[in-house]
>>> print(open('coords-v6.txt').read())   # compact mmCIF, C-alpha atoms
# COMPACT_ATOMS: atom_id res chain seq x y z
CA MET Y 12 73.99 107.79 104.13
CA ASN Y 13 75.47 104.28 103.98
CA VAL Y 14 73.17 103.39 101.13
CA ILE Y 15 74.15 106.49 99.17
CA GLY Y 16 77.81 105.72 99.75
CA LEU Y 17 77.41 102.16 98.52
CA GLY Y 18 75.59 103.41 95.45
CA LEU Y 19 78.36 105.92 94.73
CA THR Y 20 80.96 103.18 95.08
CA ALA Y 21 79.07 100.92 92.72
CA PHE Y 22 78.75 103.81 90.27
CA GLY Y 23 82.47 104.50 90.27
CA VAL Y 24 83.44 100.87 90.01
CA ALA Y 25 80.98 100.33 87.16
CA LEU Y 26 82.55 103.27 85.32
CA GLY Y 27 86.00 101.80 85.86
CA LEU Y 28 85.01 98.32 84.73
CA GLY Y 29 83.31 99.76 81.67
CA LEU Y 30 86.41 101.75 80.74
CA ILE Y 31 88.61 98.66 81.09
CA GLY Y 32 86.27 96.55 79.00
CA TRP Y 33 85.96 99.26 76.37
CA ALA Y 34 89.69 99.71 76.05
CA GLY Y 35 90.29 95.97 76.09
CA LEU Y 36 87.73 95.26 73.37
CA GLN Y 37 89.07 98.08 71.24
CA GLY Y 38 92.61 96.84 71.58
CA MET Y 39 91.57 93.28 70.78
CA SER Y 40 89.64 94.30 67.68
CA ARG Y 41 92.57 96.38 66.44
CA GLN Y 42 95.07 93.61 66.97
CA PRO Y 43 93.45 90.19 67.15
CA GLU Y 44 96.84 88.41 67.38
CA ALA Y 45 97.44 89.98 70.78
CA ILE Y 46 94.16 88.76 72.32
CA GLY Y 47 95.91 86.43 74.77
CA LYS Y 48 98.15 89.08 76.26
CA LEU Y 49 95.43 91.74 76.29
CA GLN Y 50 93.01 89.44 78.09
CA VAL Y 51 95.52 88.75 80.84
CA ALA Y 52 96.21 92.43 81.42
CA MET Y 53 92.50 93.20 81.27
CA LEU Y 54 91.65 90.58 83.89
CA ILE Y 55 94.34 91.87 86.24
CA ALA Y 56 92.96 95.38 85.91
CA PHE Y 57 89.45 94.01 86.52
CA ALA Y 58 90.65 92.42 89.72
CA PHE Y 59 92.09 95.63 91.10
CA VAL Y 60 89.02 97.70 90.32
CA GLU Y 61 86.73 95.07 91.77
CA LEU Y 62 88.74 95.01 94.98
CA VAL Y 63 87.80 98.64 95.67
CA PHE Y 64 84.13 97.77 95.79
CA LEU Y 65 84.70 94.69 97.92
CA LEU Y 66 86.81 96.69 100.38
CA THR Y 67 84.01 99.25 100.60
CA VAL Y 68 81.35 96.63 101.20
CA PHE Y 69 83.21 94.39 103.63
CA ILE Y 70 85.41 96.87 105.49
CA GLY Y 71 84.08 100.38 104.89
CA ALA Y 72 80.37 99.79 105.37
CA PRO Y 73 80.59 97.80 108.65
CA THR Y 74 83.10 100.29 110.07
CA LEU Y 75 80.88 103.21 109.11
CA ALA Y 76 77.86 101.46 110.58
CA ARG Y 77 79.76 101.02 113.84
CA ILE Y 78 81.10 104.55 114.25
CA ALA Y 79 78.07 106.35 112.80
CA PRO Y 80 74.98 104.17 113.12
CA VAL Y 81 71.93 105.12 111.11
CA VAL Y 82 69.23 106.38 113.46
CA THR Y 83 65.76 105.61 112.20
CA PRO Y 84 63.08 107.96 113.54
CA MET E 25 81.11 79.36 125.90
CA SER E 26 81.82 76.41 128.17
CA GLY E 27 83.97 74.40 125.79
CA LEU E 28 84.88 73.56 122.27
CA LEU E 29 82.56 70.59 121.94
CA THR E 30 79.24 72.31 122.62
CA THR E 31 76.73 73.38 120.00
CA GLN E 32 77.53 77.03 120.71
CA SER E 33 81.29 76.72 120.14
CA ALA E 34 83.11 78.04 117.11
CA LEU E 35 83.51 74.51 115.80
CA PHE E 36 79.79 73.98 115.22
CA ALA E 37 78.04 77.33 115.43
CA SER E 38 77.96 79.17 112.12
CA ALA E 39 79.30 82.71 112.09
CA GLY E 40 78.63 84.16 108.67
CA GLY E 41 78.70 81.24 106.27
CA ALA E 42 79.42 77.81 107.74
CA SER E 43 81.08 76.58 110.89
CA PHE E 44 84.62 75.31 111.06
CA ILE E 45 83.58 71.70 110.65
CA GLY E 46 81.18 72.62 107.84
CA THR E 47 84.01 74.28 105.92
CA ALA E 48 86.18 71.22 106.51
CA ILE E 49 83.45 68.91 105.18
CA TYR E 50 83.01 71.01 102.05
CA THR E 51 86.79 71.13 101.56
CA ALA E 52 86.86 67.34 101.82
CA LEU E 53 84.14 67.19 99.18
CA VAL E 54 86.17 69.41 96.85
CA LEU E 55 89.28 67.31 97.40
CA ALA E 56 87.31 64.11 96.77
CA VAL E 57 86.03 65.49 93.46
CA ILE E 58 89.51 66.59 92.37
CA PHE E 59 91.20 63.32 93.36
CA GLY E 60 88.43 61.26 91.79
CA LEU E 61 88.56 63.09 88.47
CA LEU E 62 92.35 63.06 88.30
CA ALA E 63 92.55 59.37 89.27
CA TYR E 64 90.13 58.57 86.47
CA ALA E 65 92.11 60.77 84.06
CA LYS E 66 95.32 58.94 85.00
CA LYS E 67 93.88 55.63 83.77
CA GLY E 68 94.08 56.68 80.13
CA ILE E 69 97.78 57.52 80.13
CA THR E 70 99.02 53.90 79.89
CA SER E 71 97.62 53.28 76.40
CA ARG E 72 99.54 54.39 73.33
CA VAL E 73 96.74 56.55 71.98
CA ILE E 74 94.97 58.56 74.65
CA LYS E 75 91.27 58.01 74.14
CA ASN E 76 90.05 58.93 77.60
CA PRO E 77 88.29 62.31 77.17
CA LEU E 78 89.07 63.30 80.75
CA THR E 79 92.78 62.73 80.13
CA GLN E 80 92.65 64.95 77.08
CA LEU E 81 90.78 67.57 79.08
CA SER E 82 93.35 67.55 81.87
CA GLU E 83 96.10 67.88 79.28
CA GLN E 84 94.39 71.00 77.98
CA LEU E 85 94.20 72.28 81.56
CA TYR E 86 97.93 71.68 82.00
CA LEU E 87 98.68 73.54 78.76
CA PHE E 88 96.50 76.43 79.89
CA VAL E 89 98.27 76.74 83.23
CA GLU E 90 101.68 76.34 81.57
CA ASN E 91 100.90 79.09 79.06
CA MET E 92 99.82 81.35 81.92
CA CYS E 93 103.03 80.70 83.88
CA VAL E 94 105.40 81.00 80.93
CA GLY E 95 103.61 84.05 79.53
CA ILE E 96 103.73 86.04 82.77
CA ILE E 97 106.76 84.80 84.70
CA GLY E 98 108.99 84.15 81.69
CA PRO E 99 110.87 81.11 80.39
CA HIS E 100 111.77 79.97 83.91
CA GLY E 101 108.10 79.89 84.86
CA ARG E 102 107.62 76.24 83.97
CA LYS E 103 108.97 75.43 87.44
CA TYR E 104 105.89 76.94 89.06
CA VAL E 105 103.27 75.03 87.05
CA PRO E 106 102.53 72.45 89.83
CA PHE E 107 101.90 75.14 92.43
CA ILE E 108 99.75 77.33 90.18
CA GLY E 109 97.92 74.26 88.86
CA THR E 110 97.08 73.15 92.38
CA LEU E 111 95.76 76.60 93.23
CA TRP E 112 93.71 76.66 90.02
CA LEU E 113 92.18 73.23 90.66
CA ILE E 114 91.20 73.82 94.26
CA ILE E 115 89.79 77.30 93.64
CA PHE E 116 87.95 76.28 90.47
CA PHE E 117 86.29 73.24 92.01
CA GLY E 118 85.68 75.11 95.24
CA ASN E 119 83.85 77.80 93.30
CA LEU E 120 82.00 75.20 91.25
CA ILE E 121 80.67 73.62 94.45
CA ALA E 122 79.02 76.96 95.22
CA LEU E 123 76.77 76.53 92.18
CA PHE E 124 75.33 73.24 93.43
CA PHE E 125 75.26 73.70 97.20
CA GLY E 126 74.41 76.61 99.42
CA PHE E 127 77.98 76.91 100.57
CA SER E 128 81.49 76.28 99.37
CA PRO E 129 84.92 76.40 100.99
CA THR E 130 85.91 79.44 98.93
CA ALA E 131 82.90 81.32 100.33
CA SER E 132 84.52 81.33 103.78
CA LEU E 133 87.11 83.92 104.65
CA GLY E 134 89.26 81.53 106.65
CA PHE E 135 89.85 79.12 103.79
CA ASN E 136 90.66 81.97 101.39
CA LEU E 137 93.04 83.56 103.89
CA GLY E 138 94.79 80.21 104.16
CA LEU E 139 95.17 80.04 100.39
CA ALA E 140 96.43 83.62 100.19
CA LEU E 141 98.92 83.10 103.06
CA THR E 142 100.22 79.97 101.34
CA SER E 143 100.73 81.69 98.02
CA ILE E 144 102.37 84.82 99.50
CA ALA E 145 104.60 82.69 101.74
CA TYR E 146 105.67 80.72 98.67
CA VAL E 147 106.44 83.99 96.87
CA GLN E 148 108.63 85.15 99.77
CA TYR E 149 110.35 81.75 99.90
CA GLU E 150 111.14 81.88 96.20
CA GLY E 151 112.40 85.46 96.50
CA ILE E 152 114.72 84.58 99.37
CA LYS E 153 115.91 81.45 97.56
CA GLN E 154 116.78 83.37 94.40
CA ASN E 155 118.14 86.64 95.78
CA GLY E 156 119.27 85.72 99.29
CA LEU E 157 117.76 87.22 102.44
CA ILE E 158 119.59 90.57 102.12
CA GLY E 159 118.88 90.83 98.42
CA HIS E 160 115.22 90.05 98.94
CA LEU E 161 114.86 92.67 101.68
CA SER E 162 116.77 95.31 99.72
CA HIS E 163 114.40 94.57 96.84
CA PHE E 164 111.72 96.25 98.97
CA ALA E 165 113.75 99.41 99.52
CA GLY E 166 113.46 100.67 95.96
CA PRO E 167 116.30 101.78 93.69
CA LYS E 168 119.72 102.76 95.03
CA MET E 169 119.77 106.55 95.25
CA GLY E 170 122.91 107.29 97.24
CA ILE E 171 123.42 108.04 100.92
CA ALA E 172 121.59 111.36 100.79
CA MET E 173 118.27 109.72 99.98
CA ILE E 174 118.41 107.07 102.72
CA LEU E 175 115.25 108.48 104.35
CA ILE E 176 113.30 108.00 101.14
CA ASN E 177 114.54 104.41 100.92
CA ILE E 178 113.43 103.70 104.50
CA LEU E 179 110.02 105.18 103.68
CA ILE E 180 109.68 103.03 100.56
CA PHE E 181 110.74 99.98 102.57
CA VAL E 182 107.98 100.51 105.15
CA ILE E 183 105.36 101.11 102.47
CA GLU E 184 106.44 98.02 100.53
CA ILE E 185 106.27 95.85 103.65
CA VAL E 186 102.73 97.07 104.33
CA SER E 187 101.70 96.46 100.74
CA GLU E 188 103.23 92.98 100.90
CA LEU E 189 101.11 92.23 103.96
CA MET E 190 98.03 93.69 102.31
CA LYS E 191 98.44 91.31 99.38
CA ASN E 192 97.13 88.58 101.69
CA ALA E 193 94.07 90.62 102.53
CA SER E 194 93.41 91.61 98.93
CA LEU E 195 93.75 88.08 97.53
CA SER E 196 91.51 86.52 100.16
CA LEU E 197 88.92 89.32 100.26
CA ARG E 198 88.53 89.32 96.47
CA LEU E 199 87.74 85.61 96.31
CA TYR E 200 85.56 85.70 99.42
CA GLY E 201 83.61 88.75 98.30
CA ASN E 202 82.89 87.40 94.85
CA ILE E 203 81.81 83.90 95.84
CA PHE E 204 80.03 84.77 99.08
CA GLY E 205 78.47 87.87 97.50
CA GLY E 206 77.28 85.83 94.53
CA GLY E 207 75.57 83.39 96.86
CA GLN E 208 73.95 86.24 98.78
CA ALA E 209 72.71 87.81 95.53
CA VAL E 210 71.04 84.53 94.53
CA HIS E 211 69.52 84.30 98.00
CA GLU E 212 68.12 87.83 97.84
CA MET E 213 66.79 87.42 94.31
CA ASN E 214 65.00 84.20 95.28
CA LYS E 215 62.89 86.31 97.63
CA LEU E 216 61.61 88.35 94.68
CA GLY E 217 59.87 85.41 93.04
CA GLU E 218 58.72 83.79 96.26
CA SER E 219 55.08 84.80 95.84
CA ILE E 220 54.77 83.23 92.37
CA TYR E 221 56.99 80.19 93.15
CA VAL E 222 59.70 81.12 90.65
CA PRO E 223 63.32 80.80 91.85
CA ALA E 224 64.35 84.11 90.28
CA GLY E 225 67.87 83.85 91.69
CA GLU E 226 68.67 80.83 89.57
CA PHE E 227 68.78 83.09 86.53
CA LEU E 228 72.01 84.45 88.00
CA MET E 229 73.69 81.08 87.54
CA PRO E 230 75.23 81.82 84.10
CA VAL E 231 76.80 84.96 85.54
CA LYS E 232 78.05 82.96 88.51
CA LEU E 233 79.56 80.40 86.13
CA LEU E 234 81.57 83.22 84.57
CA THR E 235 82.63 84.39 88.04
CA VAL E 236 83.80 80.87 88.89
CA VAL E 237 86.29 80.77 86.02
CA VAL E 238 87.37 84.40 86.25
CA GLN E 239 88.03 84.33 90.00
CA ALA E 240 90.10 81.15 89.82
CA MET E 241 92.03 82.66 86.91
CA ILE E 242 92.59 85.99 88.67
CA PHE E 243 93.95 84.31 91.81
CA CYS E 244 96.41 82.29 89.72
CA LEU E 245 97.31 85.27 87.53
CA LEU E 246 98.06 87.48 90.54
CA THR E 247 100.17 84.76 92.14
CA CYS E 248 102.09 84.52 88.86
CA VAL E 249 102.57 88.28 88.82
CA TYR E 250 103.83 88.29 92.41
CA ILE E 251 106.26 85.47 91.62
CA SER E 252 107.49 87.28 88.52
CA LEU E 253 108.15 90.40 90.62
CA VAL E 254 110.58 88.65 92.98
CA THR E 255 112.29 86.23 90.61
CA HIS E 256 114.43 86.84 87.58
CA PRO E 257 115.55 84.57 84.75
CA HIS E 258 119.04 83.18 85.42
CA ASP E 259 120.40 81.82 82.13
CA GLU E 260 118.41 83.73 79.58
CA GLU E 261 120.42 82.67 76.55
CA HIS E 262 119.92 78.99 77.32
CA GLU E 263 116.15 79.17 77.51
CA ASP E 264 115.62 81.87 74.95
CA HIS E 265 114.53 79.41 72.33
CA ALA E 266 112.01 77.75 74.65
CA GLY E 267 110.68 81.16 75.63
CA ASP E 268 110.06 82.17 72.02
CA HIS E 269 108.29 78.92 71.37
CA SER E 270 105.89 79.28 74.26
CA HIS E 271 105.19 82.92 73.49
CA THR E 272 103.88 82.04 70.07
CA ALA E 273 101.78 79.34 71.68
CA ALA E 274 100.35 81.88 74.11
CA ALA E 275 99.48 84.24 71.27
CA HIS E 276 97.50 81.50 69.54
CA ALA E 277 95.63 80.49 72.66
>>> encode(input="coords-v6.txt", output="structure tokens")
Amino acid sequence: MNVIGLGLTAFGVALGLGLIGWAGLQGMSRQPEAIGKLQVAMLIAFAFVELVFLLTVFIGAPTLARIAPVVTP
Amino acid sequence: MSGLLTTQSALFASAGGASFIGTAIYTALVLAVIFGLLAYAKKGITSRVIKNPLTQLSEQLYLFVENMCVGIIGPHGRKYVPFIGTLWLIIFFGNLIALFFGFSPTASLGFNLGLALTSIAYVQYEGIKQNGLIGHLSHFAGPKMGIAMILINILIFVIEIVSELMKNASLSLRLYGNIFGGGQAVHEMNKLGESIYVPAGEFLMPVKLLTVVVQAMIFCLLTCVYISLVTHPHDEEHEDHAGDHSHTAAAHA
């Protein structure tokens, strides 16, 4: 179950990062003068999406492994 | 468990990453690199025409950090350039060390937590200095909504305090997860090519180089954002001209 959960998290975060990159690139190509400002906002959004995955890996997965350990037959 | 100075104590034994002394040695290495480079860059300043390439490079670095501060915090952000520049230098070189060695100071949670605590403490200090203690605390309680909504304000205050504390965890965990996780990914990928003697993990190095720059930049950007949330420009009309000037510079960067 832990592995499936990690995969789901990675899936969601990849979708989010892709959306941010897509929107950022589109905005930059539409208005190349604003590249500096757009990049800053894009990187901040990247950071917040990335944090979700890191929280899952470093806090969620160990906690889950402690309260519901995987029993191998 | 008998004492601090045994091989099993927390000072020497490694618990996920390196031991306390190992982290200190790597931090000393990072500081030596930074001080060495900057001391060499300082030599070129005395001449009339700066020919030292390292001096020119550090000037570009200063302009980059200044643009970041002025663009996010506002015209009064030039005051925070030394702090943000220090953070940028130590995180960037700390991350860079991770490309050459198996470990780096930024790949240990303790060092990152120290950095995050420093930056958040500085943000609180600046907020209290600019708004006063009462003003800074009432800043957490949300907008004034009259006496009838006092319960909502108390609720917002508690949530804001928790989120302020969680900023430490988020800043440190982000840096730790990216650098430590990158190292682990290289380690795991090296096992793939073990049978044919190809270090497959080394092909991750270009991606890690990108991570090095982006993580240092994100840490500094978020510190700038946190500073800009608690401070406000005092004399806007005085510095309006300077602000316009730097904004155009930021747009060209």
>>> closest_atom_pairs(input="coords-v6.txt", of="chain Y", to="chain E", cutoff="8 Å", atoms="all atoms listed in the file", output="Markdown table")
| residue | atom | partner | partner_atom | distance |
| --- | --- | --- | --- | --- |
| Y:Glu44 | CA | E:Ala275 | CA | 6.3 |
| Y:Ala45 | CA | E:Ala275 | CA | 6.1 |
| Y:Ile46 | CA | E:Ala275 | CA | 7.1 |
| Y:Gly47 | CA | E:Ala275 | CA | 5.5 |
| Y:Lys48 | CA | E:Ala275 | CA | 7.1 |
| Y:Val51 | CA | E:Leu245 | CA | 7.8 |
| Y:Leu54 | CA | E:Ile242 | CA | 6.7 |
| Y:Ile55 | CA | E:Ile242 | CA | 6.6 |
| Y:Ala58 | CA | E:Ile242 | CA | 6.8 |
| Y:Glu61 | CA | E:Arg198 | CA | 7.6 |
| Y:Leu62 | CA | E:Arg198 | CA | 5.9 |
| Y:Leu65 | CA | E:Gly201 | CA | 6.1 |
| Y:Leu66 | CA | E:Leu197 | CA | 7.7 |
| Y:Phe69 | CA | E:Gly201 | CA | 7.8 |
>>> residues_around(input="coords-v6.txt", residues="Y:Phe22", least_positions_apart="6", cutoff="12 Å", atoms="only C-alpha atoms", output="PyMOL selection string")
chain Y and resi 15-16+28-29+60-61+63-64
>>> closest_residue(input="coords-v6.txt", among="Y:Phe59, Y:Thr67, Y:Val14, Y:Pro73", to="Y:Gly27", atoms="all atoms listed in the file")
Y:Phe59
>>> atom_distance(input="coords-v6.txt", atom1="atom CA of E:Val210", atom2="atom CA of E:Gly225")
4.3 Å
>>> atom_distance(input="coords-v6.txt", atom1="atom CA of Y:Ala72", atom2="atom CA of E:Leu133")
17.3 Å
>>> atom_distance(input="coords-v6.txt", atom1="atom CA of E:Ile97", atom2="atom CA of E:Cys244")
11.8 Å
